[in-house]
Amino acid sequence: MSIDKYKALNREQTIQHTKKRVAAYCRVSTECEDQANSFESQCLFFKQYIEHNPDWELYEIFADSGISGTNTKKRKEFNRMIACAKSGQLDLILTKEISRFARNTLDSIYYTRDLKKYGVGVIFMNDNINTLDGDAELRLSIMASIAQEESRRTSERVKWGQKRQMEQGVVFGRSMLGYDIKGGKMYINEKGAAIVRLIFHKFVNERKGAYVIARELREAGIAPMRANEWNNTVILRIIRNEKYCGDLVQKKTYTPDFLSHEKKINHGEEEFVIIKDHHTPIISRDLFDKANDILNEKSFSQKGKTKYSNRYLFSGKIKCGICGASYAARYKTRKNGSKYQSWSCLTRVKNGSPHMDRDGSQTGCSGSSIRNEEALYIMYLICRQLDIEREKISHHLIKIIDKVFSMDSTDCKDTWAEQMEMTKKKYSNLIELYTNGDIDRKEFIAFRKKYNAQMDNLKLKIEYSKQQSVVIENQQKLIENIKSVMDELIRGVLYEDEFYADLLDKMVVGEQDTIDVYLKGISFRWHYIMKRK
């Protein structure tokens, strides 16, 4: 190679090296056809714009399509561009305007300031801002705030428009099992509708639980619409879905923050849009109501409290010694119609007795069930066998109770009554002082507030002392009752569920109806064999 050619090549490489590596970022908000065309136009524009500048070379055009700009969490290309800038792969970023880069003021300032640390500038072409300029951050803050406010207003307009459409019966959301949603209307999908009818039939007419229905659908090879597999949660969601009886409830979720776009369950924060008999039902309203009545019976008593709350006393404490799963509480019906609580292996509840699955794998469990009354009886027997100093504990607790009752508040009550009379007199004198002009209005209001607060406080103390006096009058009777109940509890005579649950660490149900019991904080293991009739 000649010297002239070598110099020319070296000069070209030097020029090439001094060129700024420029990237461009563009984004469109939606994936509609017009915006898609705009997206392609932006890419072409940036490519030609960079190529026409002799001091720049195109590094890459980063583009996010169909993603909102109000936050940067889901913009993959944007985040990849920032990573490239921080690793020294580019020197400058071009973007059309602030609203294309970020509509969140905080994000705009954060990213441009962070990039500046690495010597990377951002040029907002339409806004005529280069973040490497001295006053860029001030102008960027103003413009970004305007863009953010515009985004907020747009969000409010969209939400208002959507609610008006909902009120007119337009359906928002995806297709679901049994219904195809097209153009804001619901159309029955017969294949899915047949599955929905089958689920309601099994639940209401055959009285099968959600776990059993899910297992039967899996074993029948029926594929769910979206979930990975049928489970009790999917079944319960279907039974609770009012759309299947023809009603429409919308705005079950809402977006409290237009910047984060995170949806939350609507617990009344926003008004629901409810339309009855909106579309063709898959099941009758009568069947839907029966199914939900069954669920409500299992969940709540007439007082509104959890009807089967006692099942939680041993939740997580009864284990299967065969498969290791926890036991779940269920209610069963005797031949005479009465119900009883029983604990069953969760694996067996979900998958049945041991058998070969469709794919040839072993599934199910042979773990025996145990009645709740049997678990309580076992704990009763254990408490009777525990070597504890019952008399010493009883005596110690009675001494504590005696000490509490011996705190006579009669003297305190008299003192508080005297203080109340004194405060009332001061209050009466206060009015006289104000009337005579000895104190001004400001002083009168201040003293009145003070005396009112004192009298309110003394009223509470006097009321408390009256209640305590009643307790003291019945002291001996109360002590005898407490001692009797406590003595029975310590001796293990009473069936106190919570006491047993607190004492129990775990109860392992093994093969051949054997049960091993382990207690908390006590080196104690008890072996029990259930006797089945």
# chains A, B, ... in the order shown; residues from 1 in each chain; ligands from 1
call {"tool": "closest_atom_pairs", "arguments": {"of": "range 97-120 of chain A", "to": "range 77-88 of chain A", "cutoff": "12 Å", "atoms": "only C-alpha atoms", "output": "CSV"}}
result
residue,atom,partner,partner_atom,distance
A:Arg100,CA,A:Phe78,CA,10.8
A:Phe101,CA,A:Phe78,CA,8.5
A:Ala102,CA,A:Phe78,CA,10.0
A:Asp107,CA,A:Phe78,CA,11.9
A:Tyr110,CA,A:Ile82,CA,11.7
A:Tyr111,CA,A:Ile82,CA,8.1
A:Thr112,CA,A:Ile82,CA,9.9
A:Arg113,CA,A:Ile82,CA,11.9
A:Asp114,CA,A:Lys86,CA,8.8
A:Leu115,CA,A:Lys86,CA,7.0
A:Lys116,CA,A:Lys86,CA,9.7
A:Lys117,CA,A:Lys86,CA,8.9
A:Tyr118,CA,A:Lys86,CA,6.2
A:Gly119,CA,A:Gly88,CA,8.9
A:Val120,CA,A:Ala85,CA,6.8
call {"tool": "write_last_selection", "arguments": {"atoms": "all heavy atoms", "output": "compact mmCIF listing (two decimals), in the first residue's frame"}}
result
# COMPACT_ATOMS: atom_id res chain seq x y z
N ARG A 100 -43.51 11.64 23.28
CA ARG A 100 -43.11 10.35 22.71
C ARG A 100 -42.07 9.65 23.58
O ARG A 100 -41.96 8.44 23.57
CB ARG A 100 -42.51 10.55 21.31
CG ARG A 100 -43.41 11.16 20.27
CD ARG A 100 -44.58 10.24 19.92
NE ARG A 100 -45.76 10.51 20.72
CZ ARG A 100 -46.83 9.73 20.76
NH1 ARG A 100 -46.87 8.64 20.05
NH2 ARG A 100 -47.86 10.05 21.49
N PHE A 101 -41.30 10.44 24.34
CA PHE A 101 -40.25 9.90 25.18
C PHE A 101 -40.84 9.42 26.51
O PHE A 101 -40.61 8.31 26.94
CB PHE A 101 -39.18 10.98 25.41
CG PHE A 101 -37.93 10.50 26.11
CD1 PHE A 101 -36.99 9.74 25.43
CD2 PHE A 101 -37.69 10.83 27.43
CE1 PHE A 101 -35.83 9.32 26.06
CE2 PHE A 101 -36.53 10.40 28.08
CZ PHE A 101 -35.60 9.64 27.38
N ALA A 102 -41.60 10.28 27.17
CA ALA A 102 -42.27 9.93 28.42
C ALA A 102 -43.26 11.02 28.78
O ALA A 102 -42.94 12.19 28.70
CB ALA A 102 -41.25 9.76 29.55
N ASP A 107 -40.19 10.57 35.18
CA ASP A 107 -39.39 9.73 34.29
C ASP A 107 -38.54 10.57 33.35
O ASP A 107 -37.37 10.26 33.10
CB ASP A 107 -40.31 8.80 33.47
CG ASP A 107 -40.75 7.58 34.26
OD1 ASP A 107 -40.16 7.32 35.32
OD2 ASP A 107 -41.69 6.90 33.83
N TYR A 110 -35.68 12.07 35.34
CA TYR A 110 -34.79 11.02 35.85
C TYR A 110 -33.88 10.46 34.76
O TYR A 110 -32.66 10.38 34.91
CB TYR A 110 -35.61 9.88 36.47
CG TYR A 110 -34.79 8.67 36.82
CD1 TYR A 110 -34.00 8.64 37.96
CD2 TYR A 110 -34.79 7.55 35.98
CE1 TYR A 110 -33.23 7.53 38.27
CE2 TYR A 110 -34.02 6.44 36.28
CZ TYR A 110 -33.24 6.43 37.43
OH TYR A 110 -32.48 5.33 37.73
N TYR A 111 -34.49 10.08 33.62
CA TYR A 111 -33.70 9.43 32.57
C TYR A 111 -32.75 10.41 31.87
O TYR A 111 -31.60 10.05 31.58
CB TYR A 111 -34.63 8.76 31.55
CG TYR A 111 -35.16 7.44 32.06
CD1 TYR A 111 -36.47 7.33 32.52
CD2 TYR A 111 -34.36 6.31 32.10
CE1 TYR A 111 -36.96 6.13 33.01
CE2 TYR A 111 -34.84 5.10 32.58
CZ TYR A 111 -36.13 5.02 33.04
OH TYR A 111 -36.60 3.83 33.53
N THR A 112 -33.21 11.63 31.60
CA THR A 112 -32.32 12.58 30.93
C THR A 112 -31.16 12.98 31.85
O THR A 112 -30.02 13.14 31.40
CB THR A 112 -33.09 13.84 30.49
OG1 THR A 112 -33.76 14.41 31.62
CG2 THR A 112 -34.09 13.50 29.41
N ARG A 113 -31.45 13.13 33.14
CA ARG A 113 -30.39 13.47 34.09
C ARG A 113 -29.41 12.31 34.25
O ARG A 113 -28.20 12.50 34.33
CB ARG A 113 -31.02 13.81 35.45
CG ARG A 113 -30.02 14.33 36.48
CD ARG A 113 -30.73 14.61 37.79
NE ARG A 113 -31.61 15.76 37.68
CZ ARG A 113 -32.45 16.14 38.66
NH1 ARG A 113 -32.52 15.43 39.78
NH2 ARG A 113 -33.20 17.21 38.51
N ASP A 114 -29.94 11.10 34.28
CA ASP A 114 -29.09 9.91 34.42
C ASP A 114 -28.20 9.72 33.19
O ASP A 114 -27.02 9.40 33.30
CB ASP A 114 -29.97 8.68 34.63
CG ASP A 114 -29.20 7.49 35.18
OD1 ASP A 114 -28.22 7.71 35.93
OD2 ASP A 114 -29.56 6.34 34.86
N LEU A 115 -28.78 9.93 31.99
CA LEU A 115 -28.00 9.80 30.76
C LEU A 115 -26.90 10.86 30.67
O LEU A 115 -25.82 10.61 30.15
CB LEU A 115 -28.93 9.91 29.55
CG LEU A 115 -29.87 8.72 29.31
CD1 LEU A 115 -30.92 9.07 28.27
CD2 LEU A 115 -29.10 7.48 28.89
N LYS A 116 -27.19 12.04 31.20
CA LYS A 116 -26.22 13.13 31.17
C LYS A 116 -24.95 12.77 31.95
O LYS A 116 -23.84 13.20 31.60
CB LYS A 116 -26.86 14.41 31.74
CG LYS A 116 -26.08 15.69 31.45
CD LYS A 116 -26.87 16.90 31.92
CE LYS A 116 -26.10 18.18 31.61
NZ LYS A 116 -26.87 19.39 32.05
N LYS A 117 -25.11 11.97 33.01
CA LYS A 117 -23.94 11.51 33.78
C LYS A 117 -22.98 10.71 32.91
O LYS A 117 -21.77 10.70 33.15
CB LYS A 117 -24.40 10.65 34.95
CG LYS A 117 -25.18 11.38 36.02
CD LYS A 117 -25.63 10.40 37.10
CE LYS A 117 -26.52 11.07 38.13
NZ LYS A 117 -27.00 10.07 39.14
N TYR A 118 -23.53 10.03 31.91
CA TYR A 118 -22.71 9.20 31.02
C TYR A 118 -22.31 9.97 29.76
O TYR A 118 -21.78 9.37 28.81
CB TYR A 118 -23.47 7.92 30.65
CG TYR A 118 -23.72 7.01 31.82
CD1 TYR A 118 -24.86 7.16 32.62
CD2 TYR A 118 -22.82 6.00 32.14
CE1 TYR A 118 -25.10 6.32 33.69
CE2 TYR A 118 -23.05 5.15 33.23
CZ TYR A 118 -24.18 5.32 33.99
OH TYR A 118 -24.41 4.49 35.07
N GLY A 119 -22.62 11.26 29.73
CA GLY A 119 -22.26 12.08 28.58
C GLY A 119 -23.18 11.90 27.40
O GLY A 119 -22.84 12.29 26.27
N VAL A 120 -24.35 11.32 27.62
CA VAL A 120 -25.30 11.07 26.53
C VAL A 120 -26.41 12.11 26.60
O VAL A 120 -27.07 12.28 27.63
CB VAL A 120 -25.89 9.65 26.62
CG1 VAL A 120 -26.90 9.42 25.49
CG2 VAL A 120 -24.79 8.61 26.57
call {"tool": "select_by_dssp", "arguments": {"residues": "range 117-270 of chain A", "states": "alpha helix (DSSP H)", "output": "ChimeraX atom specification"}}
result
/A:117,136-167,190-204,210-219,232-240
call {"tool": "select_by_dssp", "arguments": {"residues": "range 63-179 of chain A", "states": "strand (DSSP E or B)", "output": "count of residues only"}}
result
15
call {"tool": "atom_distance", "arguments": {"atom1": "CA of Gly324 in chain A", "atom2": "CA of Glu229 in chain A"}}
result
22.3 Å
call {"tool": "closest_residue", "arguments": {"among": "A:Leu460, A:Ile265, A:Ile50, A:Cys26", "to": "Glu97 in chain A", "atoms": "only C-alpha atoms"}}
result
A:Cys26
call {"tool": "closest_residue", "arguments": {"among": "A:Met125, A:Leu236, A:Leu313, A:Leu94", "to": "Ala501 in chain A", "atoms": "only C-alpha atoms"}}
result
A:Leu313
call {"tool": "closest_residue", "arguments": {"among": "A:Ile195, A:Lys264, A:Glu271, A:His201", "to": "Pro224 in chain A", "atoms": "only C-alpha atoms"}}
result
A:Ile195
call {"tool": "closest_residue", "arguments": {"among": "A:Tyr179, A:Lys251, A:Tyr25, A:Asp438", "to": "Glu167 in chain A", "atoms": "only C-alpha atoms"}}
result
A:Lys251
call {"tool": "atom_distance", "arguments": {"atom1": "CA of Ser342 in chain A", "atom2": "CA of His355 in chain A"}}
result
23.1 Å
call {"tool": "closest_residue", "arguments": {"among": "A:Asp505, A:Glu443, A:Glu270, A:Glu149", "to": "Ile318 in chain A", "atoms": "only C-alpha atoms"}}
result
A:Asp505
call {"tool": "residues_around", "arguments": {"residues": "Asp357 in chain A", "least_positions_apart": "4", "cutoff": "12 Å", "atoms": "only C-alpha atoms", "output": "CSV table (one decimal) with all heavy atoms, in the first residue's frame"}}
result
chain,number,residue,atom,x,y,z
A,215,ARG,N,-61.5,-31.9,38.8
A,215,ARG,CA,-60.8,-33.1,38.6
A,215,ARG,C,-61.5,-33.9,37.5
A,215,ARG,O,-60.8,-34.4,36.6
A,215,ARG,CB,-60.7,-34.0,39.9
A,215,ARG,CG,-59.9,-35.2,39.7
A,215,ARG,CD,-59.9,-36.1,40.9
A,215,ARG,NE,-61.2,-36.8,41.0
A,215,ARG,CZ,-62.0,-36.9,42.0
A,215,ARG,NH1,-61.7,-36.2,43.1
A,215,ARG,NH2,-63.1,-37.6,42.0
A,216,GLU,N,-62.8,-33.9,37.5
A,216,GLU,CA,-63.5,-34.7,36.5
A,216,GLU,C,-63.4,-34.1,35.1
A,216,GLU,O,-63.3,-34.8,34.1
A,216,GLU,CB,-65.0,-34.7,36.9
A,216,GLU,CG,-65.3,-35.6,38.1
A,216,GLU,CD,-66.7,-35.7,38.4
A,216,GLU,OE1,-67.5,-35.0,37.8
A,216,GLU,OE2,-67.1,-36.5,39.3
A,218,ARG,N,-60.7,-32.4,34.1
A,218,ARG,CA,-59.3,-32.7,33.7
A,218,ARG,C,-59.2,-34.2,33.2
A,218,ARG,O,-58.6,-34.4,32.1
A,218,ARG,CB,-58.3,-32.6,34.9
A,218,ARG,CG,-58.1,-31.1,35.3
A,218,ARG,CD,-56.8,-31.0,36.2
A,218,ARG,NE,-56.9,-31.9,37.4
A,218,ARG,CZ,-57.4,-31.5,38.5
A,218,ARG,NH1,-57.9,-30.3,38.7
A,218,ARG,NH2,-57.4,-32.3,39.6
A,219,GLU,N,-59.9,-35.1,33.9
A,219,GLU,CA,-59.8,-36.5,33.5
A,219,GLU,C,-60.6,-36.7,32.2
A,219,GLU,O,-60.3,-37.7,31.5
A,219,GLU,CB,-60.4,-37.3,34.7
A,219,GLU,CG,-59.5,-37.4,35.9
A,219,GLU,CD,-60.2,-38.1,37.1
A,219,GLU,OE1,-61.4,-38.4,37.0
A,219,GLU,OE2,-59.5,-38.4,38.0
A,220,ALA,N,-61.6,-35.9,32.0
A,220,ALA,CA,-62.4,-36.0,30.7
A,220,ALA,C,-61.6,-35.4,29.5
A,220,ALA,O,-62.1,-35.5,28.4
A,220,ALA,CB,-63.7,-35.4,30.9
A,221,GLY,N,-60.5,-34.8,29.8
A,221,GLY,CA,-59.7,-34.2,28.7
A,221,GLY,C,-60.3,-32.9,28.2
A,221,GLY,O,-59.9,-32.5,27.1
A,351,ASN,N,-57.5,-35.2,43.6
A,351,ASN,CA,-57.3,-36.2,42.6
A,351,ASN,C,-57.9,-37.6,42.8
A,351,ASN,O,-57.7,-38.5,42.0
A,351,ASN,CB,-55.7,-36.4,42.4
A,351,ASN,CG,-55.1,-35.0,42.1
A,351,ASN,OD1,-55.5,-34.3,41.2
A,351,ASN,ND2,-54.0,-34.7,42.8
A,352,GLY,N,-58.6,-37.7,44.0
A,352,GLY,CA,-59.2,-39.0,44.3
A,352,GLY,C,-58.2,-40.0,44.8
A,352,GLY,O,-57.1,-39.7,45.2
A,353,SER,N,-58.7,-41.3,44.9
A,353,SER,CA,-57.8,-42.4,45.3
A,353,SER,C,-56.7,-42.7,44.4
A,353,SER,O,-56.8,-42.2,43.2
A,353,SER,CB,-58.7,-43.7,45.5
A,353,SER,OG,-59.8,-43.4,46.4
A,361,SER,N,-48.9,-41.5,34.6
A,361,SER,CA,-48.3,-41.2,35.9
A,361,SER,C,-49.2,-41.5,37.1
A,361,SER,O,-50.4,-41.5,36.9
A,361,SER,CB,-47.8,-39.8,36.0
A,361,SER,OG,-48.9,-38.9,35.9
A,362,GLN,N,-48.6,-41.9,38.2
A,362,GLN,CA,-49.4,-42.2,39.4
A,362,GLN,C,-50.0,-40.9,40.0
A,362,GLN,O,-49.2,-40.0,40.2
A,362,GLN,CB,-48.6,-43.0,40.4
A,362,GLN,CG,-49.3,-43.4,41.7
A,362,GLN,CD,-50.2,-44.6,41.5
A,362,GLN,OE1,-50.1,-45.3,40.5
A,362,GLN,NE2,-51.2,-44.8,42.3
A,363,THR,N,-51.2,-40.9,40.4
A,363,THR,CA,-51.8,-39.7,41.1
A,363,THR,C,-52.8,-40.2,42.1
A,363,THR,O,-53.2,-41.3,42.2
A,363,THR,CB,-52.5,-38.8,40.0
A,363,THR,OG1,-52.9,-37.6,40.7
A,363,THR,CG2,-53.7,-39.4,39.4
A,364,GLY,N,-53.2,-39.2,42.9
A,364,GLY,CA,-54.2,-39.5,44.0
A,364,GLY,C,-53.5,-39.9,45.3
A,364,GLY,O,-52.3,-40.0,45.4
